[in-house]
file run.cif (mmCIF, C-alpha atoms and all ligand atoms)
data_target
loop_
_atom_site.label_atom_id
_atom_site.label_comp_id
_atom_site.auth_asym_id
_atom_site.auth_seq_id
_atom_site.Cartn_x
_atom_site.Cartn_y
_atom_site.Cartn_z
CA MET L 1394 21.17 19.53 -6.68
CA LEU L 1395 17.54 18.77 -5.91
CA GLU L 1396 16.29 21.75 -7.92
CA GLY L 1397 18.30 20.67 -10.95
CA PHE L 1398 16.86 17.22 -10.84
CA LEU L 1399 13.26 17.78 -9.87
CA ASN L 1400 10.58 19.83 -11.41
CA LYS L 1401 10.43 23.26 -9.86
CA GLU L 1402 6.96 23.17 -8.40
CA PHE L 1403 7.79 19.87 -6.71
CA ALA L 1404 11.00 21.21 -5.18
CA GLN L 1405 9.18 24.33 -3.96
CA LYS L 1406 6.51 22.26 -2.26
CA ALA L 1407 9.19 20.20 -0.54
CA LYS L 1408 10.82 23.37 0.77
CA GLU L 1409 7.52 24.81 1.88
CA MET L 1410 6.81 21.63 3.85
CA GLY L 1411 10.24 21.83 5.43
CA ARG L 1412 9.50 25.34 6.65
CA LYS L 1413 6.12 24.29 7.95
CA ILE L 1414 7.38 21.34 9.93
CA LYS L 1415 10.20 23.32 11.51
CA GLU L 1416 7.66 25.88 12.66
CA TYR L 1417 5.31 23.22 13.95
CA SER L 1418 4.61 23.84 17.62
CA GLY L 1419 2.34 20.89 18.44
CA GLU L 1420 3.27 18.11 20.85
CA LYS L 1421 3.69 15.19 18.56
CA VAL L 1422 3.50 13.93 15.01
CA VAL L 1423 1.29 10.96 14.21
CA ILE L 1424 2.47 8.93 11.23
CA ILE L 1425 -0.12 6.76 9.49
CA HIS L 1426 1.61 4.35 7.13
CA HIS L 1427 0.75 1.45 4.84
CA ASN L 1428 1.69 -2.14 5.74
CA ASP L 1429 3.85 -3.15 2.77
CA ALA L 1430 7.61 -2.64 2.36
CA ASP L 1431 7.20 0.82 0.84
CA GLY L 1432 4.84 1.90 3.61
CA ILE L 1433 7.07 0.44 6.33
CA CYS L 1434 10.21 2.15 4.94
CA SER L 1435 8.18 5.37 4.72
CA GLY L 1436 7.11 5.08 8.35
CA ALA L 1437 10.71 4.43 9.42
CA LEU L 1438 11.98 7.45 7.42
CA LEU L 1439 9.39 9.82 8.85
CA SER L 1440 9.92 8.64 12.42
CA LYS L 1441 13.67 9.25 11.98
CA LEU L 1442 12.93 12.73 10.63
CA CYS L 1443 10.82 13.46 13.72
CA ASP L 1444 13.68 12.25 15.95
CA LEU L 1445 16.12 14.54 14.19
CA LEU L 1446 13.77 17.50 14.50
CA GLY L 1447 13.05 16.77 18.15
CA PHE L 1448 9.40 15.78 17.77
CA GLU L 1449 7.76 12.94 19.56
CA SER L 1450 6.16 10.60 17.04
CA GLU L 1451 3.70 7.75 16.99
CA LEU L 1452 3.44 5.21 14.18
CA ILE L 1453 0.06 3.75 13.24
CA CYS L 1454 -0.06 1.10 10.53
CA ILE L 1455 -3.25 0.69 8.51
CA GLU L 1456 -4.23 -1.24 5.39
CA LYS L 1457 -6.86 1.17 4.08
CA VAL L 1458 -8.05 4.68 4.83
CA HIS L 1459 -11.67 4.73 5.93
CA PRO L 1460 -13.74 7.45 7.65
CA ALA L 1461 -14.16 5.29 10.77
CA ILE L 1462 -10.38 4.98 11.15
CA VAL L 1463 -9.72 8.64 10.37
CA ASP L 1464 -12.23 9.71 13.01
CA ILE L 1465 -10.60 7.60 15.75
CA ILE L 1466 -7.12 8.91 14.93
CA HIS L 1467 -8.11 12.57 14.75
CA GLU L 1468 -10.25 12.37 17.87
CA ARG L 1469 -7.27 11.09 19.85
CA ASN L 1470 -4.81 13.57 18.36
CA SER L 1471 -6.58 16.88 18.31
CA GLY L 1472 -4.02 19.67 17.80
CA ASN L 1473 -1.31 17.35 16.47
CA LEU L 1474 0.12 16.96 12.99
CA VAL L 1475 -1.09 13.76 11.31
CA ILE L 1476 0.88 12.48 8.32
CA TYR L 1477 -0.60 9.83 6.03
CA THR L 1478 1.97 8.12 3.86
CA ASP L 1479 1.90 5.57 1.03
CA LEU L 1480 -1.88 5.86 1.08
CA ALA L 1481 -4.72 8.41 1.11
CA GLY L 1482 -3.79 10.27 -2.10
CA LEU L 1483 -7.40 10.15 -3.18
CA ALA L 1484 -8.84 10.53 0.31
CA ALA L 1485 -7.91 14.16 1.03
CA LYS L 1486 -11.47 15.41 0.75
CA MET L 1487 -12.86 12.68 2.99
CA ILE L 1488 -10.10 13.25 5.55
CA ASP L 1489 -10.73 16.99 5.55
CA GLU L 1490 -14.46 16.42 6.14
CA VAL L 1491 -13.92 13.93 8.95
CA ASN L 1492 -11.11 16.03 10.47
CA LYS L 1493 -13.29 19.09 11.00
CA GLY L 1494 -10.26 21.24 11.77
CA ARG L 1495 -9.02 19.04 14.61
CA CYS L 1496 -5.56 18.32 13.19
CA LYS L 1497 -3.11 19.56 10.61
CA VAL L 1498 -2.82 16.84 7.98
CA TRP L 1499 -0.15 15.98 5.44
CA ILE L 1500 -0.69 13.32 2.82
CA ILE L 1501 2.63 12.11 1.37
CA ASP L 1502 1.64 9.59 -1.25
CA HIS L 1503 2.58 8.39 -4.72
CA HIS L 1504 -0.73 6.82 -5.72
CA PRO L 1505 -3.15 8.78 -7.90
CA ALA L 1506 -4.23 11.85 -5.98
CA ARG L 1507 -6.67 14.68 -5.94
CA ALA L 1508 -5.58 18.04 -4.57
CA ILE L 1509 -7.99 19.99 -2.42
CA LYS L 1510 -8.24 23.51 -1.15
CA SER L 1511 -8.20 23.24 2.60
CA ARG L 1512 -6.84 25.13 5.59
CA ASP L 1513 -5.77 21.92 7.26
CA VAL L 1514 -5.11 19.20 4.70
CA PHE L 1515 -2.08 19.36 2.46
CA VAL L 1516 -1.38 16.83 -0.31
CA PHE L 1517 2.18 16.13 -1.43
CA ASP L 1518 1.98 13.70 -4.34
CA PRO L 1519 4.12 13.63 -7.49
CA GLU L 1520 1.08 12.57 -9.51
CA LEU L 1521 -0.15 16.15 -9.03
CA PHE L 1522 2.99 17.40 -10.80
CA GLY L 1523 2.72 14.95 -13.66
CA ILE L 1524 5.26 12.45 -12.29
CA GLY L 1525 4.05 8.83 -12.47
CA GLY L 1526 4.03 7.50 -8.93
CA ASP L 1527 3.53 3.94 -10.08
CA MET L 1528 6.91 3.84 -11.81
CA PHE L 1529 9.22 6.76 -11.02
CA VAL L 1530 8.80 7.51 -7.34
CA SER L 1531 7.91 5.36 -4.36
CA ALA L 1532 6.52 6.79 -1.13
CA SER L 1533 9.86 5.94 0.49
CA THR L 1534 11.74 7.94 -2.15
CA LEU L 1535 9.36 10.80 -1.62
CA ASN L 1536 9.87 10.74 2.14
CA TYR L 1537 13.61 10.43 1.68
CA ILE L 1538 13.81 13.42 -0.69
CA LEU L 1539 11.55 15.47 1.54
CA GLY L 1540 13.38 14.41 4.70
CA SER L 1541 16.86 15.05 3.38
CA SER L 1542 15.86 18.48 2.10
CA ILE L 1543 14.73 19.30 5.66
CA HIS L 1544 17.57 17.67 7.62
CA LYS L 1545 20.93 16.51 6.28
CA GLY L 1546 20.96 13.67 8.80
CA MET L 1547 18.35 11.91 6.67
CA LYS L 1548 20.99 11.13 4.03
CA ARG L 1549 21.99 8.18 6.17
CA TYR L 1550 18.74 6.48 5.16
CA ALA L 1551 18.92 6.64 1.36
CA TYR L 1552 18.96 2.82 1.38
CA LEU L 1553 15.38 2.85 2.64
CA ALA L 1554 14.25 4.79 -0.44
CA VAL L 1555 15.81 2.07 -2.59
CA THR L 1556 14.29 -0.73 -0.52
CA GLY L 1557 10.81 0.83 -0.64
CA ALA L 1558 10.99 1.43 -4.40
CA VAL L 1559 12.02 -2.18 -5.03
CA GLY L 1560 9.23 -3.31 -2.70
CA ASP L 1561 6.74 -1.64 -5.04
CA TYR L 1562 8.45 -3.30 -8.05
CA HIS L 1563 9.69 -0.02 -9.46
CA ASP L 1564 12.69 -1.98 -10.78
CA ARG L 1565 10.43 -4.08 -13.00
CA THR L 1566 11.85 -2.73 -16.28
CA GLY L 1567 15.36 -3.77 -15.22
CA GLY L 1568 16.20 -1.01 -12.76
CA VAL L 1569 14.59 1.88 -10.89
CA LEU L 1570 13.98 5.12 -12.79
CA GLY L 1571 13.19 8.80 -12.28
CA LEU L 1572 13.21 10.06 -8.71
CA ASP L 1573 13.83 6.53 -7.45
CA ARG L 1574 17.01 6.60 -9.54
CA PHE L 1575 17.98 9.89 -7.93
CA ALA L 1576 17.69 8.28 -4.49
CA LEU L 1577 19.56 5.20 -5.73
CA ASP L 1578 22.39 7.40 -7.04
CA GLU L 1579 22.65 9.05 -3.64
CA ALA L 1580 22.65 5.69 -1.86
CA VAL L 1581 25.39 4.45 -4.19
CA SER L 1582 27.55 7.55 -3.82
CA LEU L 1583 27.12 7.36 -0.03
CA LYS L 1584 28.32 3.74 -0.25
CA GLN L 1585 25.09 2.40 1.21
CA VAL L 1586 24.11 0.40 -1.86
CA LYS L 1587 25.96 -1.50 -4.58
CA ILE L 1588 24.44 -2.15 -7.98
CA LYS L 1589 24.91 -5.67 -9.32
CA ILE L 1590 23.83 -6.77 -12.76
CA GLU L 1591 22.20 -10.18 -12.85
CA GLY L 1592 21.10 -11.34 -16.26
CA HIS L 1593 19.03 -8.55 -17.74
CA LYS L 1594 18.26 -6.94 -14.42
CA GLU L 1595 19.88 -4.74 -11.79
CA ARG L 1596 19.88 -5.82 -8.16
CA TYR L 1597 20.72 -3.52 -5.29
CA PHE L 1598 22.83 -4.81 -2.45
CA VAL L 1599 22.07 -2.90 0.75
CA LYS L 1600 25.10 -2.92 3.05
CA PHE L 1601 23.09 -2.03 6.14
CA PHE L 1602 20.91 -5.13 5.68
CA ASP L 1603 23.79 -7.23 4.32
CA GLU L 1604 21.18 -8.35 1.82
CA PHE L 1605 19.70 -7.45 -1.56
CA ALA L 1606 16.90 -4.88 -1.57
CA ASP L 1607 14.43 -7.34 -3.12
CA VAL L 1608 15.07 -9.88 -0.34
CA ALA L 1609 14.82 -7.22 2.38
CA SER L 1610 11.64 -5.70 0.94
CA ASP L 1611 10.04 -9.11 0.58
CA ARG L 1612 10.69 -9.72 4.28
CA LEU L 1613 9.20 -6.34 5.17
CA THR L 1614 6.06 -6.93 3.12
CA THR L 1615 5.67 -10.38 4.67
CA LEU L 1616 6.00 -8.99 8.19
CA GLY L 1617 3.55 -6.16 7.46
CA ALA L 1618 0.94 -7.90 5.33
CA VAL L 1619 1.01 -11.56 6.41
CA GLY L 1620 1.71 -10.65 10.04
CA TYR L 1621 -0.58 -7.61 10.02
CA GLU L 1622 -2.85 -8.47 12.93
CA LYS L 1623 0.20 -9.55 14.95
CA LYS L 1624 1.81 -6.12 14.37
CA GLY L 1625 4.57 -7.67 12.27
CA TYR L 1626 5.13 -4.24 10.67
CA ARG L 1627 6.67 -3.08 13.95
CA LEU L 1628 9.43 -5.64 13.57
CA GLY L 1629 9.70 -4.30 10.02
CA VAL L 1630 10.17 -0.67 11.06
CA LYS L 1631 12.72 -1.79 13.64
CA ALA L 1632 14.59 -3.78 11.00
CA CYS L 1633 14.65 -0.72 8.72
CA LEU L 1634 16.53 1.26 11.36
CA GLU L 1635 18.45 -1.43 13.24
CA GLY L 1636 18.86 -4.18 10.69
CA PHE L 1637 17.35 -7.68 10.54
CA ASN L 1638 18.21 -9.93 13.45
CA ARG L 1639 17.84 -13.67 13.43
CA LYS L 1640 14.50 -13.53 15.22
CA THR L 1641 12.98 -11.15 12.65
CA VAL L 1642 14.18 -13.22 9.70
CA HIS L 1643 12.78 -16.33 11.37
CA GLU L 1644 9.43 -14.61 12.02
CA ALA L 1645 9.16 -13.66 8.32
CA GLU L 1646 9.87 -17.26 7.34
CA LYS L 1647 7.33 -18.59 9.81
CA LEU L 1648 4.69 -16.21 8.44
CA LYS L 1649 5.35 -17.43 4.91
CA THR L 1650 4.92 -21.03 5.99
CA MET L 1651 1.66 -20.15 7.70
CA ARG L 1652 0.39 -18.41 4.55
CA GLU L 1653 1.31 -21.45 2.48
CA ARG L 1654 -0.58 -23.72 4.86
CA LYS L 1655 -3.68 -21.52 4.94
CA PHE L 1656 -3.63 -21.11 1.15
CA ASN L 1657 -3.39 -24.86 0.58
CA ARG L 1658 -6.25 -25.52 2.96
CA GLU L 1659 -8.37 -22.92 1.14
CA ILE L 1660 -7.53 -24.36 -2.29
CA LYS L 1661 -8.70 -27.75 -1.05
CA ARG L 1662 -11.94 -26.19 0.19
CA LEU L 1663 -12.54 -24.46 -3.16
CA LYS L 1664 -11.93 -27.69 -5.05
CA GLU L 1665 -14.45 -29.44 -2.84
CA GLY L 1666 -17.30 -27.12 -3.79
CA GLY L 1667 -16.33 -23.87 -2.07
CA LEU L 1668 -16.03 -22.09 -5.41
CA LYS L 1669 -19.45 -20.83 -6.49
CA MET L 1670 -20.19 -20.76 -10.21
CA GLU L 1671 -22.35 -18.10 -11.85
CA GLU L 1672 -22.92 -17.39 -15.52
CA HIS L 1673 -19.86 -15.14 -15.91
CA THR L 1674 -18.17 -15.21 -12.54
CA GLN L 1675 -16.73 -17.69 -10.06
CA TRP L 1676 -16.43 -16.55 -6.49
CA PHE L 1677 -15.59 -17.54 -2.93
CA HIS L 1678 -15.54 -16.16 0.58
CA VAL L 1679 -12.71 -16.88 3.01
CA GLU L 1680 -14.60 -15.25 5.94
CA ASP L 1681 -12.05 -15.02 8.81
CA ARG L 1682 -9.96 -18.01 7.80
CA PHE L 1683 -7.02 -15.86 6.62
CA SER L 1684 -6.62 -14.11 9.99
CA PRO L 1685 -4.07 -12.87 11.20
CA MET L 1686 -3.16 -11.95 7.63
CA GLY L 1687 -4.36 -8.56 6.41
CA VAL L 1688 -7.07 -8.16 3.78
CA LYS L 1689 -4.54 -7.69 1.02
CA THR L 1690 -4.17 -11.46 1.30
CA VAL L 1691 -7.35 -12.33 -0.58
CA GLY L 1692 -5.85 -10.50 -3.58
CA THR L 1693 -2.58 -12.39 -3.28
CA PHE L 1694 -4.59 -15.60 -3.06
CA CYS L 1695 -6.70 -14.79 -6.17
CA GLN L 1696 -3.50 -14.06 -8.06
CA LYS L 1697 -2.01 -17.38 -6.96
CA ILE L 1698 -4.97 -19.57 -7.96
CA LYS L 1699 -6.33 -17.73 -11.02
CA ASP L 1700 -4.65 -20.05 -13.54
CA MET L 1701 -4.96 -23.32 -11.62
CA SER L 1702 -6.77 -26.18 -13.33
CA PHE L 1703 -9.89 -26.07 -11.12
CA ILE L 1704 -10.56 -22.45 -12.16
CA ASP L 1705 -12.84 -21.78 -15.16
CA GLU L 1706 -10.63 -19.82 -17.55
CA GLU L 1707 -13.57 -17.99 -19.11
CA LYS L 1708 -14.98 -16.53 -15.91
CA TYR L 1709 -14.05 -13.57 -13.72
CA LEU L 1710 -12.61 -14.65 -10.37
CA ILE L 1711 -13.82 -12.85 -7.27
CA GLY L 1712 -12.83 -13.40 -3.64
CA PHE L 1713 -14.11 -11.90 -0.38
CA GLN L 1714 -12.37 -11.61 2.99
CA ASN L 1715 -13.81 -10.13 6.18
CA CYS L 1716 -12.12 -6.98 7.47
CA SER L 1717 -11.15 -7.47 11.08
CA LYS L 1718 -13.10 -5.28 13.49
CA ARG L 1719 -9.85 -4.55 15.28
CA ILE L 1720 -7.12 -2.35 13.89
CA PRO L 1721 -4.00 -3.56 15.73
CA ASP L 1722 -2.73 -0.05 16.59
CA LEU L 1723 -6.16 1.45 17.27
CA GLY L 1724 -8.37 -1.19 18.82
CA LYS L 1725 -12.00 -1.74 17.95
CA VAL L 1726 -13.40 0.01 14.89
CA ASN L 1727 -17.03 0.62 14.28
CA TRP L 1728 -17.47 -0.98 10.86
CA ASN L 1729 -18.76 -4.09 9.22
CA LEU L 1730 -16.80 -4.49 6.02
CA VAL L 1731 -15.71 -7.08 3.51
CA LYS L 1732 -12.80 -6.78 1.15
CA MET L 1733 -13.44 -7.86 -2.43
CA SER L 1734 -10.64 -8.76 -4.82
CA GLY L 1735 -10.98 -9.55 -8.50
CA ARG L 1736 -8.65 -11.22 -11.00
CA ALA L 1737 -8.98 -12.74 -14.47
CA PRO L 1738 -7.58 -16.09 -15.66
CA LEU L 1739 -5.06 -15.66 -18.49
CA PRO L 1740 -7.40 -16.29 -21.48
CA LEU L 1741 -9.92 -13.79 -20.07
CA GLU L 1742 -7.11 -11.37 -19.31
CA ARG L 1743 -6.10 -11.45 -23.00
CA LYS L 1744 -9.69 -10.78 -24.04
CA ILE L 1745 -9.83 -7.78 -21.70
CA PHE L 1746 -6.63 -6.38 -23.17
CA LYS L 1747 -7.98 -6.85 -26.71
CA GLY L 1748 -11.22 -5.12 -25.77
CA GLU L 1749 -13.27 -8.31 -26.29
CA ALA L 1750 -14.22 -8.52 -22.62
CA ILE L 1751 -14.98 -5.83 -20.06
CA GLY L 1752 -12.27 -4.82 -17.62
CA PHE L 1753 -12.51 -4.75 -13.84
CA ASN L 1754 -11.93 -0.98 -14.00
CA PHE L 1755 -15.48 -0.64 -15.32
CA LEU L 1756 -17.17 -3.54 -13.52
CA VAL L 1757 -15.91 -3.06 -9.97
CA PRO L 1758 -16.70 0.64 -9.48
CA LYS L 1759 -20.18 0.09 -10.98
CA ALA L 1760 -20.96 -3.01 -8.94
CA SER L 1761 -19.59 -1.33 -5.78
CA GLU L 1762 -21.79 1.65 -6.39
CA ALA L 1763 -24.80 -0.61 -6.76
CA VAL L 1764 -24.29 -1.85 -3.18
CA GLY L 1765 -23.35 1.54 -1.77
CA GLY L 1766 -19.58 1.04 -1.69
CA VAL L 1767 -16.70 2.95 -3.21
CA ALA L 1768 -13.99 1.18 -5.21
CA ASP L 1769 -10.47 2.46 -4.77
CA ALA L 1770 -7.83 0.30 -6.43
CA THR L 1771 -9.13 -0.64 -9.83
CA HIS L 1772 -7.07 -1.68 -12.84
CA THR L 1773 -8.24 -3.43 -16.00
CA ILE L 1774 -7.22 -6.96 -14.94
CA ALA L 1775 -7.14 -6.57 -11.14
CA ALA L 1776 -9.31 -4.69 -8.71
CA ALA L 1777 -10.26 -4.38 -5.09
CA THR L 1778 -13.00 -2.70 -3.13
CA LEU L 1779 -14.59 -2.60 0.31
CA ILE L 1780 -18.29 -3.28 0.68
CA GLU L 1781 -20.61 -3.71 3.61
CA LYS L 1782 -20.69 -7.23 5.03
CA GLY L 1783 -23.83 -9.06 4.00
CA LYS L 1784 -23.93 -7.46 0.57
CA GLU L 1785 -21.61 -9.95 -1.13
CA LYS L 1786 -24.35 -11.75 -3.07
CA GLU L 1787 -25.88 -8.45 -4.10
CA PHE L 1788 -22.46 -7.38 -5.38
CA ILE L 1789 -22.15 -10.56 -7.45
CA ARG L 1790 -25.66 -10.03 -8.85
CA ALA L 1791 -24.78 -6.46 -9.84
CA PHE L 1792 -21.52 -7.68 -11.39
CA GLU L 1793 -23.36 -10.37 -13.36
CA GLY L 1794 -26.02 -7.87 -14.38
CA LEU L 1795 -23.43 -5.53 -15.90
CA LEU L 1796 -21.96 -8.39 -17.94
CA GLU L 1797 -25.42 -9.52 -19.03
CA LYS L 1798 -26.26 -6.02 -20.21
CA GLN L 1799 -23.09 -5.81 -22.29
CA LYS L 1800 -23.92 -9.04 -24.13
MN MN Y 1901 3.92 2.45 -2.20
#
call {"tool": "encode", "arguments": {"input": "run.cif", "output": "structure tokens", "more": "lines below"}}
Ligand SMILES: [Mn+2]
result
Amino acid sequence: MLEGFLNKEFAQKAKEMGRKIKEYSGEKVVIIHHNDADGICSGALLSKLCDLLGFESELICIEKVHPAIVDIIHERNSGNLVIYTDLAGLAAKMIDEVNKGRCKVWIIDHHPARAIKSRDVFVFDPELFGIGGDMFVSASTLNYILGSSIHKGMKRYAYLAVTGAVGDYHDRTGGVLGLDRFALDEAVSLKQVKIKIEGHKERYFVKFFDEFADVASDRLTTLGAVGYEKKGYRLGVKACLEGFNRKTVHEAEKLKTMRERKFNREIKRLKEGGLKMEEHTQWFHVEDRFSPMGVKTVGTFCQKIKDMSFIDEEKYLIGFQNCSKRIPDLGKVNWNLVKMSGRAPLPLERKIFKGEAIGFNFLVPKASEAVGGVADATHTIAAATLIEKGKEKEFIRAFEGLLEKQK
């Protein structure tokens, strides 16, 4: 069935990985997963697969792959298999260099990826087979397809593929498509999920959660992203496999209230002069005020305020948030980083789309480079990057300089 549905090369890779993992003779499998719903469902799926295959597993939740993190993980797990999922598609080369042969590494991701030739690092990413990971296959779907081709027992968890895909908004055109649809079909035929049509859109009712997939995935993302430094993602993984209990639902609600409160306080601060105005940009720094929320939060915040009346609709909006020096599952990390997030107010967004203004996809990588950083997630109207703390003003100057040059 899988072969008929998937492209051949993809199905072969899945089989090859199945063989490899069954032959794996190490002590444990370390699963590094992202902290949103898709990453949490992926972590839950892989940990179940390890259970079924009789491997001990450890889950480590991170927001971003960085050499400092990779080094800590591989140092502690020499000889083990390390699986990165829902992240690291583009980081294979870096991971291979930092790894120095210490671990076997699998990268199971659906973000843009680069394949590498390596004895130790293996990339499994549909983008490498020409399948759009942004639309047709979530990391959860990928882990579900891979898992169920290795062990039949994984079929019980098809609902997690659906929940992860919805968490990444793969239903945004009205319903999930491609490989996500394949997983949805399985979940429906296994009576795990019911499709309901609401208005112009499909919604997926997940029996196990007694809740719609969009509601469940929103809870998971809240637990993982808003409650990141409090290890909220652990409650998320537990909920994936045991269901949501009243305490978990309450925790997700409490986290949302906290985010609301912190956002409102920050908006007030920006209105009272916290928003710095340059020629072409307006920017702010939340320092550590968003803790315990993860650094994805500054992006969420930019998105929320970008069209509010106190924002200049002609200028690029840039926000900075300090990266915590502690990774909850790893302890202290030797870095000094700031997360930068960029958004455009609606009128500027339109100009970017029409080609009358420059997109973030050009500006952010260039400005990052100018301060010695590397941008990872850049789109035309939204972008993020990590830079060294203390270089924020330099980054803004570089950003302004690029815009000045284009004029
Ligand atoms: Mn994802």
call {"tool": "residues_around", "arguments": {"input": "run.cif", "residues": "Arg1495 (chain L)", "least_positions_apart": "4", "cutoff": "12 Å", "atoms": "all atoms listed in the file", "output": "PyMOL selection string"}}
result
chain L and resi 1463-1475+1488-1491+1512-1514
call {"tool": "write_last_selection", "arguments": {"input": "run.cif", "atoms": "C-alpha atoms", "output": "compact mmCIF listing (two decimals), in the frame of the given file"}}
result
# COMPACT_ATOMS: atom_id res chain seq x y z
CA VAL L 1463 -9.72 8.64 10.37
CA ASP L 1464 -12.23 9.71 13.01
CA ILE L 1465 -10.60 7.60 15.75
CA ILE L 1466 -7.12 8.91 14.93
CA HIS L 1467 -8.11 12.57 14.75
CA GLU L 1468 -10.25 12.37 17.87
CA ARG L 1469 -7.27 11.09 19.85
CA ASN L 1470 -4.81 13.57 18.36
CA SER L 1471 -6.58 16.88 18.31
CA GLY L 1472 -4.02 19.67 17.80
CA ASN L 1473 -1.31 17.35 16.47
CA LEU L 1474 0.12 16.96 12.99
CA VAL L 1475 -1.09 13.76 11.31
CA ILE L 1488 -10.10 13.25 5.55
CA ASP L 1489 -10.73 16.99 5.55
CA GLU L 1490 -14.46 16.42 6.14
CA VAL L 1491 -13.92 13.93 8.95
CA ARG L 1512 -6.84 25.13 5.59
CA ASP L 1513 -5.77 21.92 7.26
CA VAL L 1514 -5.11 19.20 4.70
call {"tool": "closest_atom_pairs", "arguments": {"input": "run.cif", "of": "chain L", "to": "ligand MN 1901 (chain Y)", "cutoff": "8 Å", "atoms": "only C-alpha atoms and all ligand atoms", "output": "JSON lines"}}
result
{"residue": "L:His1427", "atom": "CA", "partner": "Y:MN1901", "partner_atom": "MN", "distance": 7.8}
{"residue": "L:Asp1429", "atom": "CA", "partner": "Y:MN1901", "partner_atom": "MN", "distance": 7.5}
{"residue": "L:Ala1430", "atom": "CA", "partner": "Y:MN1901", "partner_atom": "MN", "distance": 7.8}
{"residue": "L:Asp1431", "atom": "CA", "partner": "Y:MN1901", "partner_atom": "MN", "distance": 4.8}
{"residue": "L:Gly1432", "atom": "CA", "partner": "Y:MN1901", "partner_atom": "MN", "distance": 5.9}
{"residue": "L:Asp1479", "atom": "CA", "partner": "Y:MN1901", "partner_atom": "MN", "distance": 4.9}
{"residue": "L:Leu1480", "atom": "CA", "partner": "Y:MN1901", "partner_atom": "MN", "distance": 7.5}
{"residue": "L:Asp1502", "atom": "CA", "partner": "Y:MN1901", "partner_atom": "MN", "distance": 7.6}
{"residue": "L:His1503", "atom": "CA", "partner": "Y:MN1901", "partner_atom": "MN", "distance": 6.6}
{"residue": "L:His1504", "atom": "CA", "partner": "Y:MN1901", "partner_atom": "MN", "distance": 7.3}
{"residue": "L:Ser1531", "atom": "CA", "partner": "Y:MN1901", "partner_atom": "MN", "distance": 5.4}
{"residue": "L:Ala1532", "atom": "CA", "partner": "Y:MN1901", "partner_atom": "MN", "distance": 5.2}
{"residue": "L:Ser1533", "atom": "CA", "partner": "Y:MN1901", "partner_atom": "MN", "distance": 7.4}
{"residue": "L:Gly1557", "atom": "CA", "partner": "Y:MN1901", "partner_atom": "MN", "distance": 7.2}
{"residue": "L:Ala1558", "atom": "CA", "partner": "Y:MN1901", "partner_atom": "MN", "distance": 7.5}
{"residue": "L:Gly1560", "atom": "CA", "partner": "Y:MN1901", "partner_atom": "MN", "distance": 7.9}
{"residue": "L:Asp1561", "atom": "CA", "partner": "Y:MN1901", "partner_atom": "MN", "distance": 5.7}
call {"tool": "residues_around", "arguments": {"input": "run.cif", "residues": "region 1592-1600 of chain L", "least_positions_apart": "3", "cutoff": "8 Å", "atoms": "only C-alpha atoms", "output": "VMD selection string"}}
result
chain L and resid 1552 1555 1564 1566 to 1568 1585 to 1589 1603 to 1607
call {"tool": "atom_distance", "arguments": {"input": "run.cif", "atom1": "CA of Asn1729 (chain L)", "atom2": "CA of Thr1693 (chain L)"}}
result
22.1 Å
call {"tool": "atom_distance", "arguments": {"input": "run.cif", "atom1": "CA of Asp1700 (chain L)", "atom2": "CA of Ile1774 (chain L)"}}
result
13.4 Å
call {"tool": "residues_around", "arguments": {"input": "run.cif", "residues": "Lys1664 (chain L)", "least_positions_apart": "3", "cutoff": "12 Å", "atoms": "all atoms listed in the file", "output": "PyMOL selection string"}}
result
chain L and resi 1657-1661+1667-1670+1677+1698+1701-1705
call {"tool": "residues_around", "arguments": {"input": "run.cif", "residues": "Leu1570 (chain L)", "least_positions_apart": "2", "cutoff": "12 Å", "atoms": "only C-alpha atoms", "output": "VMD selection string"}}
result
chain L and resid 1524 to 1531 1534 1555 1558 to 1559 1562 to 1568 1572 to 1578 1595
call {"tool": "residues_around", "arguments": {"input": "run.cif", "residues": "region 1712-1720 of chain L", "least_positions_apart": "3", "cutoff": "10 Å", "atoms": "all atoms listed in the file", "output": "ChimeraX atom specification"}}
result
/L:1453-1456,1462,1621-1622,1624,1668,1675-1692,1694-1695,1723-1736,1777-1782,1785
call {"tool": "closest_residue", "arguments": {"input": "run.cif", "among": "L:Leu1539, L:Leu1438, L:Met1410, L:Pro1519", "to": "Val1498 (chain L)", "atoms": "all atoms listed in the file"}}
result
L:Met1410
call {"tool": "build_atoms", "arguments": {"input": "run.cif", "residues": "region 1790-1795 of chain L", "atoms": "N, CA and C atoms", "output": "PDB file, in the coordinates of the input"}}
result
ATOM      1  N   ARG L1790     -24.515 -10.213  -7.941  1.00  0.00           N
ATOM      2  CA  ARG L1790     -25.660 -10.030  -8.850  1.00  0.00           C
ATOM      3  C   ARG L1790     -25.474  -8.787  -9.708  1.00  0.00           C
ATOM      4  N   ALA L1791     -25.014  -7.703  -9.103  1.00  0.00           N
ATOM      5  CA  ALA L1791     -24.780  -6.460  -9.840  1.00  0.00           C
ATOM      6  C   ALA L1791     -23.689  -6.664 -10.900  1.00  0.00           C
ATOM      7  N   PHE L1792     -22.649  -7.378 -10.499  1.00  0.00           N
ATOM      8  CA  PHE L1792     -21.520  -7.680 -11.390  1.00  0.00           C
ATOM      9  C   PHE L1792     -22.005  -8.492 -12.595  1.00  0.00           C
ATOM     10  N   GLU L1793     -22.787  -9.527 -12.307  1.00  0.00           N
ATOM     11  CA  GLU L1793     -23.360 -10.370 -13.360  1.00  0.00           C
ATOM     12  C   GLU L1793     -24.285  -9.545 -14.261  1.00  0.00           C
ATOM     13  N   GLY L1794     -25.067  -8.688 -13.650  1.00  0.00           N
ATOM     14  CA  GLY L1794     -26.020  -7.870 -14.380  1.00  0.00           C
ATOM     15  C   GLY L1794     -25.317  -6.981 -15.403  1.00  0.00           C
ATOM     16  N   LEU L1795     -24.194  -6.404 -14.995  1.00  0.00           N
ATOM     17  CA  LEU L1795     -23.430  -5.530 -15.900  1.00  0.00           C
ATOM     18  C   LEU L1795     -22.927  -6.315 -17.111  1.00  0.00           C
TER      19      LEU L1795
END
